[in-house]
$ cat my_file_2.csv   # CSV, C-alpha atoms
chain,number,residue,atom,x,y,z
A,709,MET,CA,0.0,0.0,0.0
A,710,ASN,CA,1.3,3.4,-0.8
A,711,LEU,CA,1.7,5.5,2.3
A,712,ASN,CA,1.1,8.7,0.3
A,713,GLU,CA,-2.4,7.6,-0.9
A,714,PRO,CA,-4.4,9.2,1.9
A,715,GLN,CA,-2.7,12.6,1.2
A,716,ARG,CA,-3.1,12.2,-2.5
A,717,ASN,CA,-6.8,11.6,-2.2
A,718,GLN,CA,-7.3,14.3,0.4
A,719,PRO,CA,-9.3,16.6,-1.9
A,720,TRP,CA,-11.8,13.9,-2.5
A,721,ASN,CA,-12.4,13.2,1.2
A,722,PRO,CA,-15.8,14.3,2.7
A,723,PRO,CA,-16.1,18.1,3.0
A,724,GLY,CA,-16.8,18.0,6.7
A,725,TRP,CA,-19.2,19.9,8.9
A,726,PRO,CA,-20.1,23.4,7.7
A,727,TRP,CA,-18.9,25.4,10.7
A,728,GLU,CA,-19.2,28.7,9.0
A,729,LEU,CA,-23.0,28.3,8.5
A,730,GLU,CA,-23.4,26.5,11.8
A,731,ALA,CA,-22.1,29.6,13.6
A,732,ILE,CA,-24.9,31.7,12.0
A,733,ALA,CA,-27.6,29.4,13.1
A,734,PHE,CA,-26.1,29.1,16.6
A,735,LEU,CA,-25.9,32.8,17.1
A,736,ILE,CA,-29.6,33.2,16.1
A,737,LEU,CA,-30.5,30.4,18.4
A,738,LEU,CA,-28.8,32.2,21.3
A,739,ALA,CA,-30.7,35.4,20.5
A,740,ALA,CA,-34.0,33.6,20.4
A,741,LEU,CA,-33.4,31.9,23.7
A,742,PHE,CA,-31.8,34.6,25.9
A,743,VAL,CA,-32.9,38.0,24.6
A,744,PRO,CA,-36.6,37.3,25.7
A,745,MET,CA,-35.3,36.1,29.1
A,746,VAL,CA,-33.3,39.3,29.6
A,747,LEU,CA,-36.3,41.4,28.6
A,748,PHE,CA,-38.6,39.6,31.1
A,749,ASP,CA,-36.0,39.9,33.8
A,750,SER,CA,-35.6,43.6,33.2
A,751,GLY,CA,-39.4,44.0,33.1
A,752,ASN,CA,-39.8,42.2,36.5
A,753,GLU,CA,-37.1,44.4,38.0
A,754,ALA,CA,-38.9,47.5,36.8
A,755,ILE,CA,-42.2,46.3,38.2
A,756,ALA,CA,-40.5,45.5,41.6
A,757,ARG,CA,-39.1,49.1,41.8
A,758,THR,CA,-42.4,50.6,40.9
A,759,THR,CA,-44.1,48.5,43.6
A,760,LEU,CA,-41.7,49.7,46.2
A,761,ILE,CA,-42.2,53.3,45.3
A,762,GLN,CA,-46.0,52.9,45.4
A,763,GLU,CA,-45.9,51.2,48.8
A,764,ALA,CA,-43.6,53.9,50.1
A,765,THR,CA,-45.9,56.7,49.0
A,766,GLY,CA,-49.1,54.9,50.1
A,767,GLN,CA,-50.4,54.4,46.6
A,768,ALA,CA,-52.1,51.2,45.5
A,769,ALA,CA,-49.6,48.7,44.1
A,770,SER,CA,-50.3,47.6,40.6
A,771,SER,CA,-48.6,44.6,39.0
A,772,ARG,CA,-48.0,44.3,35.3
A,773,SER,CA,-46.3,40.9,35.6
A,774,ASN,CA,-47.8,38.2,33.3
A,775,PRO,CA,-46.8,34.7,34.5
A,776,LEU,CA,-48.7,33.1,31.6
A,777,SER,CA,-46.6,35.0,29.1
A,778,GLU,CA,-43.4,33.9,30.7
A,779,GLN,CA,-44.6,30.3,30.6
A,780,MET,CA,-45.4,30.6,27.0
A,781,SER,CA,-42.0,32.0,26.3
A,782,PHE,CA,-40.4,29.0,28.1
A,783,MET,CA,-42.5,26.6,25.9
A,784,TRP,CA,-41.3,28.5,22.8
A,785,SER,CA,-37.7,28.1,24.0
A,786,PHE,CA,-38.2,24.4,24.4
A,787,GLY,CA,-39.6,24.3,20.8
A,788,ILE,CA,-36.6,26.3,19.5
A,789,VAL,CA,-34.1,23.8,21.1
A,790,SER,CA,-36.1,20.9,19.6
A,791,LEU,CA,-35.9,22.6,16.1
A,792,TYR,CA,-32.2,23.0,16.5
A,793,ILE,CA,-31.7,19.4,17.4
A,794,ILE,CA,-33.7,18.3,14.3
A,795,HIS,CA,-31.5,20.7,12.3
A,796,LEU,CA,-28.4,18.9,13.6
A,797,VAL,CA,-29.8,15.5,12.7
A,798,LEU,CA,-30.8,16.4,9.2
A,799,GLY,CA,-27.6,18.2,8.6
A,800,GLY,CA,-25.6,15.2,9.8
A,801,MET,CA,-27.2,13.0,7.1
A,802,ASN,CA,-25.7,15.1,4.2
A,803,TYR,CA,-22.6,16.9,5.6
A,804,ASN,CA,-20.3,14.1,4.5
A,805,LYS,CA,-21.3,14.5,0.9
A,806,LEU,CA,-22.1,18.2,0.4
A,807,THR,CA,-20.2,21.3,1.4
A,808,THR,CA,-23.5,23.1,2.4
A,809,PRO,CA,-26.5,21.0,3.3
A,810,MET,CA,-29.8,22.8,2.6
A,811,THR,CA,-30.7,22.6,6.3
A,812,HIS,CA,-27.9,25.1,7.1
A,813,ILE,CA,-29.6,27.6,4.8
A,814,VAL,CA,-33.2,27.0,5.9
A,815,THR,CA,-32.6,26.7,9.6
A,816,PRO,CA,-31.2,30.3,10.1
A,817,LEU,CA,-34.3,31.7,8.4
A,818,LEU,CA,-36.7,29.7,10.6
A,819,LEU,CA,-34.9,30.6,13.7
A,820,THR,CA,-34.9,34.3,12.6
A,821,VAL,CA,-38.7,34.2,12.3
A,822,ILE,CA,-39.1,32.7,15.8
A,823,ALA,CA,-36.6,35.0,17.4
A,824,PHE,CA,-38.2,38.1,15.8
A,825,TYR,CA,-41.6,37.4,17.2
A,826,GLN,CA,-40.3,36.1,20.5
A,827,ILE,CA,-38.2,39.3,21.1
A,828,SER,CA,-40.9,41.6,19.9
A,829,HIS,CA,-43.5,40.0,22.1
A,830,ALA,CA,-41.2,40.1,25.2
A,831,ALA,CA,-40.4,43.8,24.4
A,832,ALA,CA,-44.1,44.7,24.2
A,833,GLU,CA,-45.0,42.8,27.4
A,834,ASN,CA,-42.3,44.6,29.4
A,835,ALA,CA,-42.7,48.1,27.7
A,836,VAL,CA,-39.1,48.0,26.2
A,837,GLU,CA,-38.5,50.1,23.1
A,838,MET,CA,-37.1,47.9,20.2
A,839,PRO,CA,-36.8,50.2,17.2
A,840,PHE,CA,-36.5,47.5,14.6
A,841,ILE,CA,-37.8,44.3,16.2
A,842,ASP,CA,-41.3,45.5,16.8
A,843,GLY,CA,-43.5,42.9,15.2
A,844,ASN,CA,-43.8,44.7,11.8
A,845,PRO,CA,-43.9,42.2,8.9
A,846,VAL,CA,-41.9,44.6,6.7
A,847,ASN,CA,-39.1,44.7,9.3
A,848,LEU,CA,-39.2,40.9,9.4
A,849,ALA,CA,-38.9,40.6,5.7
A,850,LEU,CA,-35.9,42.9,5.7
A,851,LEU,CA,-34.3,40.9,8.5
A,852,LEU,CA,-34.9,37.6,6.6
A,853,LEU,CA,-33.3,39.1,3.5
A,854,LEU,CA,-30.3,40.2,5.5
A,855,VAL,CA,-29.9,36.7,7.1
A,856,PHE,CA,-30.3,35.0,3.8
A,857,LEU,CA,-27.6,37.2,2.2
A,858,VAL,CA,-25.2,36.5,5.1
A,859,THR,CA,-25.9,32.8,4.8
A,860,LEU,CA,-25.4,32.8,1.0
A,861,ILE,CA,-22.1,34.6,1.3
A,862,ALA,CA,-20.9,32.1,4.0
A,863,ALA,CA,-21.9,29.2,1.7
A,864,ARG,CA,-20.0,30.8,-1.3
A,865,VAL,CA,-17.0,31.4,0.9
A,866,ARG,CA,-17.0,27.8,2.0
A,867,MET,CA,-17.3,26.7,-1.7
A,868,ALA,CA,-14.3,28.8,-2.6
A,869,ARG,CA,-12.2,27.4,0.3
A,870,TYR,CA,-13.1,23.9,-0.6
A,871,MET,CA,-12.2,24.5,-4.3
A,872,LEU,CA,-8.7,25.3,-3.2
A,873,ARG,CA,-8.2,21.6,-2.5
A,874,PHE,CA,-8.6,20.9,-6.2
A,875,ARG,CA,-6.2,23.6,-7.4
A,876,ASP,CA,-3.7,20.9,-8.6
A,877,GLU,CA,-6.4,19.0,-10.5
A,878,ALA,CA,-6.5,19.2,-14.3
A,879,TRP,CA,-10.2,19.2,-15.2
A,880,GLU,CA,-10.5,17.5,-18.6
A,881,ILE,CA,-14.2,17.9,-18.9
A,882,VAL,CA,-16.2,20.9,-17.7
A,883,THR,CA,-19.9,20.8,-18.9
A,884,PRO,CA,-22.9,22.7,-17.7
A,885,THR,CA,-26.2,21.1,-16.8
A,886,VAL,CA,-29.1,20.9,-19.2
A,887,TYR,CA,-32.2,23.1,-18.7
A,888,ASP,CA,-35.3,22.0,-20.5
A,889,GLY,CA,-39.0,21.5,-20.0
A,890,THR,CA,-38.6,18.0,-18.5
A,891,PHE,CA,-37.3,19.6,-15.3
A,892,THR,CA,-40.9,19.3,-13.9
A,893,LYS,CA,-40.8,15.5,-14.2
A,894,ILE,CA,-38.1,15.1,-11.6
A,895,LEU,CA,-39.4,17.8,-9.2
A,896,ALA,CA,-41.3,15.0,-7.3
A,897,GLN,CA,-37.9,14.0,-6.0
A,898,TRP,CA,-37.6,17.5,-4.3
A,899,ARG,CA,-33.8,17.3,-4.4
A,900,PRO,CA,-33.4,19.0,-7.8
A,901,LEU,CA,-35.3,22.0,-6.5
A,902,LEU,CA,-33.1,22.3,-3.3
A,903,TYR,CA,-29.8,21.3,-4.9
A,904,THR,CA,-30.0,22.7,-8.4
A,905,PRO,CA,-26.7,22.0,-10.1
A,906,ARG,CA,-24.8,24.5,-12.2
A,907,LEU,CA,-22.1,22.5,-13.9
A,908,TYR,CA,-20.0,19.3,-13.7
A,909,ARG,CA,-16.3,18.8,-13.6
A,910,ALA,CA,-14.3,15.6,-14.3
A,911,CYS,CA,-10.7,14.6,-14.0
A,912,ASN,CA,-8.9,11.3,-13.8
A,913,ARG,CA,-9.8,10.9,-10.2
A,914,GLY,CA,-13.5,11.8,-10.0
A,915,ILE,CA,-16.5,14.0,-10.7
A,916,LEU,CA,-17.2,17.3,-8.9
A,917,ILE,CA,-20.8,18.5,-8.9
A,918,GLU,CA,-21.0,22.3,-8.6
A,919,GLY,CA,-24.3,23.9,-7.5
A,920,TRP,CA,-25.1,27.5,-6.6
A,921,THR,CA,-24.4,27.0,-2.9
A,922,TYR,CA,-22.7,23.7,-2.7
A,923,LEU,CA,-20.0,21.3,-4.0
A,924,MET,CA,-20.3,17.6,-4.1
A,925,PRO,CA,-17.2,15.5,-4.8
A,926,MET,CA,-17.5,11.9,-6.1
A,927,SER,CA,-14.3,9.9,-6.4
A,928,PHE,CA,-14.1,7.1,-9.0
A,929,ASP,CA,-13.2,4.8,-6.1
A,930,SER,CA,-16.8,5.3,-4.8
A,931,ILE,CA,-18.5,4.8,-8.2
A,932,ASN,CA,-19.2,1.3,-9.5
A,933,ALA,CA,-20.7,2.2,-12.9
A,934,ILE,CA,-22.1,5.0,-15.0
A,935,SER,CA,-24.9,4.5,-17.5
A,936,LYS,CA,-27.1,6.7,-19.7
A,937,ILE,CA,-30.8,7.0,-19.0
A,938,ASN,CA,-33.0,8.3,-21.8
A,939,SER,CA,-36.2,8.7,-19.7
A,940,VAL,CA,-37.2,8.5,-16.1
A,941,SER,CA,-40.6,8.2,-14.4
A,942,MET,CA,-41.8,10.5,-11.6
A,943,SER,CA,-41.7,7.5,-9.2
A,944,ALA,CA,-38.1,6.6,-9.9
A,945,THR,CA,-36.2,7.0,-6.6
A,946,GLY,CA,-32.7,8.4,-6.5
A,947,TYR,CA,-30.5,11.4,-5.6
A,948,TYR,CA,-31.2,13.8,-8.4
A,949,PHE,CA,-28.6,16.5,-8.9
A,950,ALA,CA,-30.1,17.2,-12.4
A,951,THR,CA,-32.3,19.6,-14.2
A,952,SER,CA,-33.4,17.5,-17.2
A,953,ALA,CA,-35.1,14.0,-17.5
A,954,LYS,CA,-33.7,13.5,-21.1
A,955,SER,CA,-30.0,13.9,-20.5
A,956,LEU,CA,-29.5,11.8,-17.4
A,957,LEU,CA,-26.5,9.8,-16.3
A,958,ARG,CA,-27.0,7.2,-13.5
A,959,LEU,CA,-24.1,6.8,-11.1
A,960,GLU,CA,-24.1,3.6,-9.0
A,961,THR,CA,-22.0,4.2,-5.9
A,962,THR,CA,-20.4,1.8,-3.4
A,963,ASP,CA,-21.8,3.5,-0.3
A,964,SER,CA,-25.5,3.6,-1.2
A,965,THR,CA,-28.0,1.4,-2.8
A,966,VAL,CA,-29.8,4.4,-4.2
A,967,SER,CA,-28.4,5.8,-7.5
A,968,THR,CA,-27.3,9.3,-8.1
A,969,PHE,CA,-28.5,11.1,-11.2
A,970,ILE,CA,-26.9,14.0,-13.1
A,971,SER,CA,-27.7,15.8,-16.3
A,972,PRO,CA,-24.6,17.0,-18.1
A,973,GLN,CA,-24.7,18.7,-21.5
A,974,ALA,CA,-21.8,16.6,-22.8
A,975,ARG,CA,-23.4,13.4,-21.5
A,976,ASP,CA,-21.8,11.0,-24.0
A,977,ASP,CA,-18.3,12.3,-23.6
A,978,LEU,CA,-18.6,12.3,-19.8
A,979,ALA,CA,-19.9,8.7,-19.7
A,980,VAL,CA,-17.1,7.4,-21.9
A,981,TYR,CA,-14.5,9.3,-20.0
A,982,CYS,CA,-15.7,8.2,-16.5
A,983,ASN,CA,-16.2,4.6,-17.5
A,984,GLN,CA,-12.6,4.4,-18.8
A,985,HIS,CA,-11.2,5.6,-15.6
A,986,ILE,CA,-13.5,3.4,-13.5
A,987,ALA,CA,-12.4,0.4,-15.5
A,988,ARG,CA,-8.7,1.3,-15.0
A,989,ARG,CA,-9.1,1.7,-11.3
A,990,ARG,CA,-11.0,-1.6,-11.0
A,991,ALA,CA,-8.2,-3.3,-12.9
A,992,SER,CA,-5.5,-1.8,-10.7
A,993,HIS,CA,-7.4,-2.9,-7.6
A,994,THR,CA,-7.8,-6.4,-9.0
A,995,HIS,CA,-4.1,-6.8,-9.7
A,996,PRO,CA,-2.3,-4.6,-7.2
A,997,GLY,CA,1.1,-6.4,-7.5
A,998,ALA,CA,1.4,-6.5,-11.2
A,999,THR,CA,4.9,-5.3,-12.3
A,1000,ARG,CA,6.8,-5.3,-15.5
A,1001,ALA,CA,8.7,-8.4,-16.5
A,1002,GLY,CA,12.4,-8.3,-15.6
A,1003,ARG,CA,12.0,-5.4,-13.2
A,1004,GLY,CA,14.7,-5.3,-10.6
A,1005,THR,CA,17.1,-7.7,-12.4
A,1006,ARG,CA,20.6,-7.1,-13.5
A,1007,PRO,CA,21.1,-5.5,-16.9
A,1008,GLY,CA,22.2,-7.9,-19.5
A,1009,THR,CA,20.8,-11.0,-17.7
A,1010,ARG,CA,17.7,-13.1,-18.3
A,1011,HIS,CA,15.0,-13.6,-15.6
A,1012,GLY,CA,17.3,-12.1,-13.0
A,1013,THR,CA,19.8,-14.9,-13.3
A,1014,HIS,CA,23.5,-14.2,-13.4
A,1015,ALA,CA,25.4,-15.4,-16.4
A,1016,ASP,CA,27.7,-17.5,-14.3
A,1017,THR,CA,24.8,-19.6,-13.0
A,1018,ARG,CA,23.1,-20.3,-16.3
A,1019,PRO,CA,22.6,-24.0,-16.9
A,1020,ASP,CA,23.0,-23.7,-20.7
A,1021,GLY,CA,26.8,-23.0,-20.9
A,1022,PRO,CA,30.1,-23.5,-19.2
A,1023,PRO,CA,31.0,-21.2,-16.4
A,1024,ALA,CA,33.0,-18.1,-17.4
A,1025,PRO,CA,36.7,-18.2,-16.4
A,1026,PRO,CA,37.7,-16.0,-13.5
A,1027,ASP,CA,39.2,-12.6,-14.3
A,1028,ASP,CA,43.0,-12.4,-14.4
A,1029,PRO,CA,44.5,-11.0,-11.2
A,1030,PRO,CA,45.9,-7.5,-11.5
A,1031,ARG,CA,49.5,-7.3,-12.6
A,1032,HIS,CA,52.2,-6.1,-10.2
A,1033,GLN,CA,53.1,-2.5,-11.1
A,1034,LEU,CA,56.8,-1.4,-10.9
A,1035,PRO,CA,57.6,1.7,-8.9
A,1036,PRO,CA,58.2,4.9,-11.0
A,1037,PRO,CA,61.9,5.6,-11.9
A,1038,PRO,CA,63.8,8.0,-9.6
A,1039,PRO,CA,64.2,11.6,-10.8
A,1040,PRO,CA,67.4,12.5,-12.7
A,1041,ARG,CA,70.4,13.9,-10.7
A,1042,PRO,CA,71.3,17.6,-11.2

$ encode --input "my_file_2.csv" --output "structure tokens"
Amino acid sequence: MNLNEPQRNQPWNPPGWPWELEAIAFLILLAALFVPMVLFDSGNEAIARTTLIQEATGQAASSRSNPLSEQMSFMWSFGIVSLYIIHLVLGGMNYNKLTTPMTHIVTPLLLTVIAFYQISHAAAENAVEMPFIDGNPVNLALLLLLVFLVTLIAARVRMARYMLRFRDEAWEIVTPTVYDGTFTKILAQWRPLLYTPRLYRACNRGILIEGWTYLMPMSFDSINAISKINSVSMSATGYYFATSAKSLLRLETTDSTVSTFISPQARDDLAVYCNQHIARRRASHTHPGATRAGRGTRPGTRHGTHADTRPDGPPAPPDDPPRHQLPPPPPPRP
């Protein structure tokens, strides 16, 4: 086994967890959990001070505390934590294949909506001025747009950082995806809508699917076969990173019983190119110790056998011993 193989295949390893996008979702989660608690605590302290002043002046004490509202806020906090756990579970199902699972783009938006109404409700209950988070749907739309843009930028930055792993790769085929009217036939699989591809790259080590917010590497070591599909039914199951039902390639992988489908424009060229490299890799794995004949033998010999030990001829005579050399003559006398 070649010790340098893991380093050589490092670009084709799983992308890993998207920490850049996870940080965005986690910060919004903290805001949705703790900002309402801080507002309720500040409101209770203000009510306590007002009550003390009223009791000192002999006025009737009035309480604006709302225990039911605090309990509802606690229930919402429990729901937010449950949503975040579901986000982690769903993201863990795809993080080892994609640079940016769709859950890391949708979850920050959902948490933003919940945090917006949680904070605005707590501010209204405790008479705290919040100039932007005030329950206005227009402000919510602007906040969602801001969060989406930040998430999109983080996803693109992650794509650029991951592409640096392939800076030494020579892409022999770069082909865009096919857009046509048959895109609606595969929408029942929902994945083409969430993971719409943009183009496909291929080199002698694998295929790289490039979308608008993600990258998906597929090494030839993980692909068993690639075949062309002329038509597909709406009930056909699979992982569709495609935009057309007419120009499909089916990729059968070693780590899943469900096929992956792509729709490159240069379908024939890509299929022939990939199948050639898959066949070569399969042959090299089948015969890992195959070497050239005569490798490692002495030059001028046959089958690595010295000429003196050949059975088809007499042994060669030994070399003559070196002759004794006379010392040089003395220099002439002056």

$ atom_distance --input "my_file_2.csv" --atom1 "CA of Val797 (chain A)" --atom2 "CA of Thr965 (chain A)"
21.0 Å

$ atom_distance --input "my_file_2.csv" --atom1 "CA of Val886 (chain A)" --atom2 "CA of Ile915 (chain A)"
16.7 Å

$ atom_distance --input "my_file_2.csv" --atom1 "CA of Ala831 (chain A)" --atom2 "CA of Pro744 (chain A)"
7.6 Å

$ residues_around --input "my_file_2.csv" --residues "region 720-732 of chain A" --least-positions-apart "2" --cutoff "10 Å" --atoms "all atoms listed in the file" --output "MDAnalysis selection string"
chainID A and resid 714:718 734:737 795:796 799:800 802:809 811:813 815:816 855 858:863 865:867 870 873:874 913:916 923:929

$ residues_around --input "my_file_2.csv" --residues "region 956-958 of chain A" --least-positions-apart "2" --cutoff "12 Å" --atoms "only C-alpha atoms" --output "mmCIF file with C-alpha atoms, keeping the file's coordinate frame"
data_model
loop_
_atom_site.group_PDB
_atom_site.id
_atom_site.type_symbol
_atom_site.label_atom_id
_atom_site.label_comp_id
_atom_site.auth_asym_id
_atom_site.auth_seq_id
_atom_site.Cartn_x
_atom_site.Cartn_y
_atom_site.Cartn_z
ATOM 1 C CA THR A 885 -26.200 21.100 -16.800
ATOM 2 C CA VAL A 886 -29.100 20.900 -19.200
ATOM 3 C CA TYR A 887 -32.200 23.100 -18.700
ATOM 4 C CA THR A 890 -38.600 18.000 -18.500
ATOM 5 C CA PHE A 891 -37.300 19.600 -15.300
ATOM 6 C CA ILE A 894 -38.100 15.100 -11.600
ATOM 7 C CA TYR A 908 -20.000 19.300 -13.700
ATOM 8 C CA ILE A 931 -18.500 4.800 -8.200
ATOM 9 C CA ASN A 932 -19.200 1.300 -9.500
ATOM 10 C CA ALA A 933 -20.700 2.200 -12.900
ATOM 11 C CA ILE A 934 -22.100 5.000 -15.000
ATOM 12 C CA SER A 935 -24.900 4.500 -17.500
ATOM 13 C CA LYS A 936 -27.100 6.700 -19.700
ATOM 14 C CA ILE A 937 -30.800 7.000 -19.000
ATOM 15 C CA ASN A 938 -33.000 8.300 -21.800
ATOM 16 C CA SER A 939 -36.200 8.700 -19.700
ATOM 17 C CA VAL A 940 -37.200 8.500 -16.100
ATOM 18 C CA ALA A 944 -38.100 6.600 -9.900
ATOM 19 C CA THR A 945 -36.200 7.000 -6.600
ATOM 20 C CA GLY A 946 -32.700 8.400 -6.500
ATOM 21 C CA TYR A 947 -30.500 11.400 -5.600
ATOM 22 C CA TYR A 948 -31.200 13.800 -8.400
ATOM 23 C CA PHE A 949 -28.600 16.500 -8.900
ATOM 24 C CA ALA A 950 -30.100 17.200 -12.400
ATOM 25 C CA THR A 951 -32.300 19.600 -14.200
ATOM 26 C CA SER A 952 -33.400 17.500 -17.200
ATOM 27 C CA ALA A 953 -35.100 14.000 -17.500
ATOM 28 C CA LYS A 954 -33.700 13.500 -21.100
ATOM 29 C CA GLU A 960 -24.100 3.600 -9.000
ATOM 30 C CA THR A 961 -22.000 4.200 -5.900
ATOM 31 C CA VAL A 966 -29.800 4.400 -4.200
ATOM 32 C CA SER A 967 -28.400 5.800 -7.500
ATOM 33 C CA THR A 968 -27.300 9.300 -8.100
ATOM 34 C CA PHE A 969 -28.500 11.100 -11.200
ATOM 35 C CA ILE A 970 -26.900 14.000 -13.100
ATOM 36 C CA SER A 971 -27.700 15.800 -16.300
ATOM 37 C CA PRO A 972 -24.600 17.000 -18.100
ATOM 38 C CA GLN A 973 -24.700 18.700 -21.500
ATOM 39 C CA ALA A 974 -21.800 16.600 -22.800
ATOM 40 C CA ARG A 975 -23.400 13.400 -21.500
ATOM 41 C CA ASP A 976 -21.800 11.000 -24.000
ATOM 42 C CA ASP A 977 -18.300 12.300 -23.600
ATOM 43 C CA LEU A 978 -18.600 12.300 -19.800
ATOM 44 C CA ALA A 979 -19.900 8.700 -19.700
ATOM 45 C CA VAL A 980 -17.100 7.400 -21.900
ATOM 46 C CA CYS A 982 -15.700 8.200 -16.500
ATOM 47 C CA ASN A 983 -16.200 4.600 -17.500
#

$ closest_residue --input "my_file_2.csv" --among "A:His829, A:Leu817, A:Thr921, A:Met871" --to "Leu851 (chain A)" --atoms "only C-alpha atoms"
A:Leu817
